[in-house]
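Read through the structure below, which is laid out as structure tokens, and then see the notes.
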Protein chains: 2
Amino acid sequence: MFESAELGHKIDKAAYEVEVPQLREDLLNAQFDLAQKAKFQVIILVGGVDGAGKGETINLLNAWMDPRHIVAHAMGEQSDEERDRPPMWRFWRALPPKGKIGVFFGSWYTSPIVQRVMGKTKASELNQSIDDINHFETMLTNEGALIIKFWFHLSKEAQRNRLKSLEKDPKTRWRVTDLDWQRFKLYDKFRRVSEHALRATSTAEAPWIVVEGVDPRYRNLTTGKILLEALRKRLKHPALAVPANAPPLQAPIDSLNVLDKLDMSQKIARKKFDDELEKYQGKLNLLTRDEHFHNMSVIALFEGSDAAGKGGAIRRITGALDARYYRIIPVAAPTEEERAQPYLWRFWRHIPRNGRVMIFDRSWYGRVLVERVEKFCSETDWMRAYSEINDFEEQLIKHNTVLVKFWLTITKEEQLRRFKERERTGFKRFKITEEDWRNRKKWNEYETAVCDMVDRTSTEIAPWTLVEANDKNFTRIKILKTLCQQIEAAMKRK
Amino acid sequence: MFESAELGHKIDKAAYEVEVPQLREDLLNAQFDLAQKAKFQVIILVGGVDGAGKGETINLLNAWMDPRHIVAHAMGEQSDEERDRPPMWRFWRALPPKGKIGVFFGSWYTSPIVQRVMGKTKASELNQSIDDINHFETMLTNEGALIIKFWFHLSKEAQRNRLKSLEKDPKTRWRVTDLDWQRFKLYDKFRRVSEHALRATSTAEAPWIVVEGVDPRYRNLTTGKILLEALRKRLKHPALAVPANAPPLQAPIDSLNVLDKLDMSQKIARKKFDDELEKYQGKLNLLTRDEHFHNMSVIALFEGSDAAGKGGAIRRITGALDARYYRIIPVAAPTEEERAQPYLWRFWRHIPRNGRVMIFDRSWYGRVLVERVEKFCSETDWMRAYSEINDFEEQLIKHNTVLVKFWLTITKEEQLRRFKERERTGFKRFKITEEDWRNRKKWNEYETAVCDMVDRTSTEIAPWTLVEANDKNFTRIKILKTLCQQIEAAMKRK
């Protein structure tokens with residue numbers, strides 16, 4: 001992959017000075033169109049060999065374009081808030097909103113490559129990271145982002161010459177440390193590992209651009225021209241045409257589905273309920289005060305038919321917890337800042353630190369439920385959401401998050417009874433709206449969407465718990481019990 | 001202040017059980033109105049003596065109300081991201097948006113009181129903190145927030161009895177540590193210091209409510225009732241009627257003002273400019289790479305007439321900096337999430353960590369400039385902004401931020417020339433809009449606003465630098481030079 005970047009490319013000064021003014025004007029214009037149309041964001045990754053011009057390139061982009069709409073991120077040491085969350089959290093929080101350009105110096109590639117070069121991970125682990133990265137970048141592209149990945153390269157010879165000439169000049173001698181020479185010794189390994197990573201992540205949507213880093217004029221002009229071309233191309237096609245040519249989801253050819261199989265008659269009588277409530281609330285309380293709990297977190301998410309009793313169940317959980325360490329996120333329509341980001345961004349921003357419990361009242365599954373049924377997003381969008389969600393949840397679980405997913409189901413008759421009761425009861429009246437009645441008319445569509453959701457996202461590591469919710473006592477105990485069991489199981493695995 | 005909270009208040013079980021159901025329903029209803037009308041946020045502070053029921057109260061509020069619209073914050077150890085910014089940053093980032101309730105367990109009172117009790121600060125420092133707190137809370141109230149401050153109290157005797165009875169019971173013995181008894185020894189001092197702090201911060205807008213903490217039923221009922229009453233009262237008066245009864249700002253009775261006194265003919269010729277640009281850009285670059293720079297940060301803010309050359313000046317600064325460590329915030333209309341917060345929130349969220357440079361292209365001064373002139377806010381709002389801004393800037397400077405404020409001024413004729421030039425030049429065309437022409441018609445109003453701004457916010461610790469900006473070379477050098485001087489001066493002070 002690096003052959004063309006070791007040829008000794010050079011641009012002479014005269015040619016450079018002829019080309020640059022027009023290029024800058026064109027870049028500024030393209031950036032202005034980007035800011036105005038604001039339908040997508042630009043994500044520029046800058047990686048490569050030390051001394052090949054990574055830092056200089058970031059400065060160049062800021063100098064040539066309008067720096068007010070570019071945000072550069074130096075991804076150095078993680079802060080403690082970042083260490084307390086899955087590794088990708090820091091990148092999600094730094095994503096540029098639509099209309100802006102984000103430049104990442106050090107990206108999601110840095111750690112997998114460096115760890116492998118240092119011999120801290122196995123080849124298979126690197127490949128796993130590469131897979132994850134490909135999924136992540138595909139998701140970003142599908143969400144409309146333009147990803148441009150620059151790799152600045154120096155041959156081993158050029159790297160040695162660079163270090164030597166820096167050492168020779170008294171003014172720059174301080175820039176070369178023992179560490180630089182130690183890293184130079186790893187050159188071949190670094191080259192091998194990064195070539196592998198680059199090859200495996202040079203996808204059609206986000207190919208790597210390898211740029212020879214020896215001659216600054218060649219480097220600058222190449223970078224600028226590629227960026228301009230990419231911007232122009234993408235600006236011409238503001239709406240990505242992703243054909244919905246996947247086969248339709250398997251339509252049930254009989255009436256059996258996972259919801260019909262539930263025994264909806266399950267009940268718990270008052271006396272037994274009181275005992276069990278005390279028992280499991282006590283248990284949950286102890287679990288969250290366990291010393292092991294400091295190194296893990298819990299996410300409990302609730303989905304369910306309208307009036308299935310999500311709120312009541314959540315209160316039975318929070319009743320067992322210290323209010324200082326949990327938070328409930330009621331998921332409603334996304335805000336303006338959230339709409340300027342990829343779909344999952346608004347959930348990533350609420351990922352808890354270790355030692356905390358986060359409860360989602362509705363969740364990222366909105367995409368494959370309400371957004372699918374109400375056609376708020378395209379078929380392609382909700383179809384890809386299944387695997388995006390699985391990827392997301394896998395990251396949570398890898399970071400010691402206990403993820404517990406509840407679907408609360410009630411029968412159509414029970415829902416009707418509860419709707420009517422709500423209309424009658426003073427302080428429950430605000431819990432029933434026109435929209436609830438409208439949703440009810442789409443009962444079957446929702447049921448299909450729920451069954452597909454369970455089929456596609458009930459994974460071994462993050463299974464769905466279907467809750468027979470016709471009886472509130474039964475619902476609440478089943479949820480508390482499941483939560484306790486899953487936290488306990490996670491503690492035992494450690 | 002604590003006399004009434006040492007009387008041994010008690011509520012018997014029967015009376016409690018009669019009152020609670022109605023109270024809960026009323027609280028839920030009030031909370032629902034709050035969420036629907038969403039014109040203000042509720043900030044509940046919970047402080048007091050250990051063991052007087054602080055944690056229990058937070059859990060109670062969550063149990064009695066809809067926990068989805070309450071966010072509790074345990075303000076324990078600062079994270080490293082928090083330590084790298086002024087102390088109030090962590091509270092700003094935790095403020096609830098309009099329509100929600102935020103409960104702070106540990107608040108802006110904790111550190112000033114504890115530091116003083118431990119003898120780590122002087123009485124005068126505590127008083128300074130109290131002043132700052134009063135300013136902060138007045139600002140919050142003026143922004144519409146409802147602040148309710150609960151202090152849970154136990155007499156010394158009650159505290160001793162509590163610790164002893166916990167020790168006696170084998171099930172709770174573990175809860176009493178040596179540290180508890182050590183803290184008990186400081187009881188009198190803690191009482192004295194906190195009484196002083198409470199008295200001095202019991203303002204008309206945000207008085208302290210001292211609640212005896214011995215009897216849980218008394219404590220719960222008192223807390224719930226006060227909260228309900230406060231919510232109802234505030235809901236009845238959604239718009240705060242703050243009369244604009246301040247005397248008018250001093251109108252100039254002659255034609256002298258700070259802008260007229262500027263020598264607008266100052267120029268720098270091309271040759272000298274090139275030399276000086278290189279000199280000061282080099283200097284600025286060195287300063288930001290100085291080891292002392294890791295413990296400080298820079299905020300440079302730019303205000304100025306339209307077409308005064310802010311963008312060009314900013315690019316001459318960023319040209320000297322490493323793009324990984326600066327960021328430019330172009331200040332535009334606030335987003336939805338920003339509008340749900342007090343005015344300064346959207347600037348606090350961009351406060352840089354140590355070692356960083358943040359450049360504001362327009363700033364929090366918008367309130368006393370465009371918002372004043374265009375009447376986007378009331379006179380009362382922009383009048384109080386002067387002192388709110390001074391408070392804000394004082395906090396920045398106390399935290400080793402070098403704050404440099406530039407006003408770029410051009411003559412009316414020069415502005416006309418530049419507007420016309422922009423209309424003629426291809427890639428500058430987008431820099432001139434109808435709005436610019438409209439603003440130009442209000443030249444005199446803007447001039448008055450600028451002079452008032454300088455008079456009221458050019459403080460000894462954060463002076464304005466007025467820049468004669470008719471000549472671009474002169475402008476850029478003066479700005480670079482000033483920035484270097486102020487960073488140098490701050491380094492010397494350390």
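As shown in the structure tokens, the chain order sets the letters A, B, ...; within each chain, residues go from 1, and ligands are also counted from 1 in the order they appear.
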Can you pull out the residues contacting Ala123 in chain B? Cut-off 12 Å, using only C-alpha atoms, and skip same-chain residues under 5 positions away; I want them as number ranges by chain.
B: 112-113, 115-118, 128-130, 192-193, 196-197
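Overlaying chain B onto chain A with least squares across the full set of in-order Cα pairs produces an RMSD of 0.0 Å.
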Residue hits in chain B, query chain A, radius 9 Å, only C-alpha atoms, as an mmCIF file with C-alpha atoms, in the first residue's frame:
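Written output follows (iface.cif):
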```cif
data_model
loop_
_atom_site.group_PDB
_atom_site.id
_atom_site.type_symbol
_atom_site.label_atom_id
_atom_site.label_comp_id
_atom_site.auth_asym_id
_atom_site.auth_seq_id
_atom_site.Cartn_x
_atom_site.Cartn_y
_atom_site.Cartn_z
ATOM 1 C CA GLU B 25 -50.895 13.461 44.131
ATOM 2 C CA ASP B 26 -50.518 17.232 44.414
ATOM 3 C CA LEU B 28 -47.209 14.841 40.850
ATOM 4 C CA ASN B 29 -49.675 17.307 39.405
ATOM 5 C CA PHE B 32 -46.635 17.639 35.469
ATOM 6 C CA GLY B 55 -29.870 11.046 51.284
ATOM 7 C CA GLU B 56 -33.274 9.827 52.463
ATOM 8 C CA ILE B 58 -33.486 12.743 47.814
ATOM 9 C CA ASN B 59 -34.809 9.204 47.639
ATOM 10 C CA LEU B 60 -38.131 10.400 48.997
ATOM 11 C CA ASN B 62 -37.837 10.437 43.665
ATOM 12 C CA ALA B 63 -40.336 8.057 45.205
ATOM 13 C CA ASP B 66 -42.051 11.236 38.723
ATOM 14 C CA PRO B 67 -38.381 10.304 38.856
ATOM 15 C CA ARG B 68 -38.060 10.635 35.099
ATOM 16 C CA HIS B 69 -38.063 14.391 35.436
ATOM 17 C CA ILE B 70 -35.790 14.635 38.446
ATOM 18 C CA VAL B 71 -32.043 14.406 38.179
ATOM 19 C CA ALA B 72 -30.057 13.969 41.358
ATOM 20 C CA HIS B 73 -26.387 14.896 41.469
ATOM 21 C CA ALA B 74 -23.975 13.612 44.044
ATOM 22 C CA MET B 75 -21.203 16.138 43.952
ATOM 23 C CA SER B 79 -13.121 14.451 37.878
ATOM 24 C CA ASP B 80 -9.921 15.546 36.161
ATOM 25 C CA GLU B 81 -11.983 17.305 33.513
ATOM 26 C CA VAL B 103 -31.405 17.929 43.147
ATOM 27 C CA PHE B 104 -27.910 18.667 44.373
ATOM 28 C CA PHE B 105 -26.539 16.576 47.180
ATOM 29 C CA GLY B 311 -11.977 36.606 11.040
ATOM 30 C CA ILE B 314 -8.306 35.278 14.354
ATOM 31 C CA ARG B 315 -6.565 33.475 11.510
ATOM 32 C CA ARG B 316 -3.340 35.337 12.293
ATOM 33 C CA THR B 318 -4.429 30.421 14.919
ATOM 34 C CA GLY B 319 -1.664 30.506 12.322
ATOM 35 C CA LEU B 321 -0.898 27.796 17.231
ATOM 36 C CA ASP B 322 -0.999 24.040 17.093
ATOM 37 C CA ALA B 323 -4.477 23.210 15.803
ATOM 38 C CA ARG B 324 -4.802 20.343 18.251
ATOM 39 C CA TYR B 325 -4.867 22.666 21.209
ATOM 40 C CA TYR B 326 -7.063 25.558 20.206
ATOM 41 C CA ARG B 327 -10.678 25.809 19.249
ATOM 42 C CA ILE B 328 -12.749 28.599 17.745
ATOM 43 C CA ILE B 329 -16.319 29.026 18.894
ATOM 44 C CA PRO B 330 -18.328 31.008 16.374
ATOM 45 C CA THR B 335 -29.641 25.948 20.185
ATOM 46 C CA GLU B 336 -32.757 24.460 21.736
ATOM 47 C CA GLU B 337 -30.722 22.878 24.557
ATOM 48 C CA ASP B 361 -15.781 34.841 17.548
ATOM 49 C CA PHE B 427 -15.596 34.288 -2.578
ATOM 50 C CA PHE B 430 -21.213 35.215 1.308
#
```
Residues near Thr201 in chain B, cut-off 8 Å, only C-alpha atoms, skip fewer than 4 positions along chain, as an MDAnalysis selection string
chainID B and resid 130 133:134 197 206:208
Suppose we keep C-alpha atoms; can you now write the selection as an mmCIF file, in the first residue's frame?
```cif
data_model
loop_
_atom_site.group_PDB
_atom_site.id
_atom_site.type_symbol
_atom_site.label_atom_id
_atom_site.label_comp_id
_atom_site.auth_asym_id
_atom_site.auth_seq_id
_atom_site.Cartn_x
_atom_site.Cartn_y
_atom_site.Cartn_z
ATOM 1 C CA ILE B 130 -20.756 33.714 50.199
ATOM 2 C CA ILE B 133 -22.861 32.400 45.831
ATOM 3 C CA ASN B 134 -25.358 35.179 46.334
ATOM 4 C CA ALA B 197 -23.190 30.822 55.740
ATOM 5 C CA ALA B 206 -33.743 31.804 47.777
ATOM 6 C CA PRO B 207 -34.130 31.486 51.530
ATOM 7 C CA TRP B 208 -32.836 28.466 53.404
#
```
If we count only C-alpha atoms and set the cut-off at 9 Å, which residues sit around range 156-162 of chain A, ignoring sequence neighbours fewer than 5 positions away in its own chain? Please answer as a list in words.
Glu6, Val49, Asp50, Gly51, Ala52, Glu167, Trp181, Phe184, Tyr187, Asp188 and Val214 of chain A
Residue selection dump (N, CA and C atoms) as an mmCIF file, in the first residue's frame:
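Written out: out.cif:
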```cif
data_model
loop_
_atom_site.group_PDB
_atom_site.id
_atom_site.type_symbol
_atom_site.label_atom_id
_atom_site.label_comp_id
_atom_site.auth_asym_id
_atom_site.auth_seq_id
_atom_site.Cartn_x
_atom_site.Cartn_y
_atom_site.Cartn_z
ATOM 1 N N GLU A 6 6.564 6.147 -1.687
ATOM 2 C CA GLU A 6 8.004 6.101 -1.437
ATOM 3 C C GLU A 6 8.772 6.444 -2.713
ATOM 4 N N VAL A 49 3.117 7.931 9.920
ATOM 5 C CA VAL A 49 4.443 7.825 10.519
ATOM 6 C C VAL A 49 4.793 9.150 11.200
ATOM 7 N N ASP A 50 5.472 9.074 12.337
ATOM 8 C CA ASP A 50 5.922 10.310 12.999
ATOM 9 C C ASP A 50 6.805 11.105 12.062
ATOM 10 N N GLY A 51 6.577 12.406 12.042
ATOM 11 C CA GLY A 51 7.434 13.247 11.216
ATOM 12 C C GLY A 51 7.003 13.338 9.768
ATOM 13 N N ALA A 52 5.900 12.666 9.430
ATOM 14 C CA ALA A 52 5.467 12.698 8.022
ATOM 15 C C ALA A 52 4.499 13.839 7.764
ATOM 16 N N GLU A 167 18.838 16.127 14.199
ATOM 17 C CA GLU A 167 19.890 16.062 15.216
ATOM 18 C C GLU A 167 21.079 16.949 14.861
ATOM 19 N N TRP A 181 14.314 7.309 18.606
ATOM 20 C CA TRP A 181 15.144 6.242 18.025
ATOM 21 C C TRP A 181 14.613 4.862 18.407
ATOM 22 N N PHE A 184 11.912 4.225 16.174
ATOM 23 C CA PHE A 184 12.431 3.965 14.825
ATOM 24 C C PHE A 184 12.761 2.485 14.662
ATOM 25 N N TYR A 187 10.119 0.470 13.332
ATOM 26 C CA TYR A 187 9.566 0.917 12.061
ATOM 27 C C TYR A 187 8.946 -0.215 11.239
ATOM 28 N N ASP A 188 9.717 -1.303 11.071
ATOM 29 C CA ASP A 188 9.240 -2.374 10.186
ATOM 30 C C ASP A 188 7.957 -2.993 10.711
ATOM 31 N N VAL A 214 7.387 13.365 2.641
ATOM 32 C CA VAL A 214 8.714 13.995 2.610
ATOM 33 C C VAL A 214 8.658 15.452 2.188
#
```
Shell around Gly76 in chain A at 10 Å using only C-alpha atoms, local window under 5 positions removed, as a PyMOL selection string
chain A and resi 105-107+110
Assign secondary structure with DSSP using the backbone only, and return the residues of range 256-493 of chain A in strand (DSSP E or B) as a VMD selection string.
chain A and resid 297 to 304 326 to 330 357 to 361 401 to 409 464 to 468
Just-selected residues, C-alpha atoms written as a PDB file, in the first residue's frame:
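Here's the written file again_26.pdb:
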```
ATOM      1  CA  SER A 297     -22.352  -0.114  35.554  1.00  0.00           C
ATOM      2  CA  VAL A 298     -25.935  -1.064  34.850  1.00  0.00           C
ATOM      3  CA  ILE A 299     -28.168  -0.030  31.985  1.00  0.00           C
ATOM      4  CA  ALA A 300     -31.775  -1.175  32.262  1.00  0.00           C
ATOM      5  CA  LEU A 301     -33.922  -0.309  29.308  1.00  0.00           C
ATOM      6  CA  PHE A 302     -37.678  -0.464  29.085  1.00  0.00           C
ATOM      7  CA  GLU A 303     -39.782  -0.829  26.004  1.00  0.00           C
ATOM      8  CA  GLY A 304     -43.400  -1.922  25.898  1.00  0.00           C
ATOM      9  CA  TYR A 326     -28.953   6.380  39.211  1.00  0.00           C
ATOM     10  CA  ARG A 327     -30.542   8.399  36.488  1.00  0.00           C
ATOM     11  CA  ILE A 328     -33.627   7.899  34.354  1.00  0.00           C
ATOM     12  CA  ILE A 329     -33.522   9.004  30.753  1.00  0.00           C
ATOM     13  CA  PRO A 330     -37.035   9.442  29.363  1.00  0.00           C
ATOM     14  CA  VAL A 357     -27.247   2.816  37.100  1.00  0.00           C
ATOM     15  CA  MET A 358     -28.882   4.314  34.026  1.00  0.00           C
ATOM     16  CA  ILE A 359     -32.500   3.558  33.274  1.00  0.00           C
ATOM     17  CA  PHE A 360     -33.825   4.239  29.797  1.00  0.00           C
ATOM     18  CA  ASP A 361     -37.584   4.736  29.595  1.00  0.00           C
ATOM     19  CA  THR A 401     -21.928  -2.808  31.653  1.00  0.00           C
ATOM     20  CA  VAL A 402     -24.779  -5.043  32.722  1.00  0.00           C
ATOM     21  CA  LEU A 403     -27.354  -4.389  30.036  1.00  0.00           C
ATOM     22  CA  VAL A 404     -30.856  -5.597  30.839  1.00  0.00           C
ATOM     23  CA  LYS A 405     -33.576  -5.152  28.230  1.00  0.00           C
ATOM     24  CA  PHE A 406     -37.244  -5.466  29.106  1.00  0.00           C
ATOM     25  CA  TRP A 407     -40.160  -5.680  26.738  1.00  0.00           C
ATOM     26  CA  LEU A 408     -43.448  -5.309  28.649  1.00  0.00           C
ATOM     27  CA  THR A 409     -46.340  -6.866  26.873  1.00  0.00           C
ATOM     28  CA  TRP A 464     -34.420  -9.528  25.750  1.00  0.00           C
ATOM     29  CA  THR A 465     -36.553 -10.317  28.756  1.00  0.00           C
ATOM     30  CA  LEU A 466     -40.185 -10.493  27.690  1.00  0.00           C
ATOM     31  CA  VAL A 467     -42.418  -9.571  30.585  1.00  0.00           C
ATOM     32  CA  GLU A 468     -46.016 -10.747  30.796  1.00  0.00           C
TER      33      GLU A 468
END
```
Mind listing the helix (DSSP H, G or I) residues of range 358-492 of chain B, per DSSP on the backbone, as JSON, numbers by chain?
{"B": [364, 365, 366, 367, 368, 370, 371, 372, 373, 379, 380, 381, 382, 383, 384, 385, 386, 387, 388, 389, 390, 391, 392, 393, 394, 395, 396, 397, 398, 412, 413, 414, 415, 416, 417, 418, 419, 420, 421, 422, 423, 424, 426, 427, 428, 429, 430, 431, 434, 435, 436, 437, 438, 439, 440, 441, 443, 444, 445, 446, 447, 448, 449, 450, 451, 452, 453, 454, 455, 456, 457, 472, 473, 474, 475, 476, 477, 478, 479, 480, 481, 482, 483, 484, 485, 486, 487, 488, 489, 490, 491, 492]}
In Å to one decimal, how far is CA of Phe152 in chain A from CA of Thr223 in chain A?
9.8 Å
Contacts of range 274-277 of chain B at 9 Å or less, counting only C-alpha atoms, minus same-chain residues fewer than 5 places along, as a PDB file with C-alpha atoms, in the first residue's frame?
```pdb
ATOM      1  CA  ALA B 269       3.263  49.288   6.191  1.00  0.00           C
ATOM      2  CA  GLY B 282       6.813  33.122  16.806  1.00  0.00           C
ATOM      3  CA  ARG B 316      -3.340  35.337  12.293  1.00  0.00           C
ATOM      4  CA  ASN B 473      -2.033  45.238   9.275  1.00  0.00           C
ATOM      5  CA  ARG B 476      -3.499  42.133  13.386  1.00  0.00           C
ATOM      6  CA  ILE B 477      -0.228  43.210  14.937  1.00  0.00           C
ATOM      7  CA  LEU B 480      -1.058  39.517  18.426  1.00  0.00           C
ATOM      8  CA  LYS B 481       1.124  41.806  20.503  1.00  0.00           C
TER       9      LYS B 481
END
```
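CA of Pro86 in chain A is found 17.8 Å from CA of His292 in chain A.
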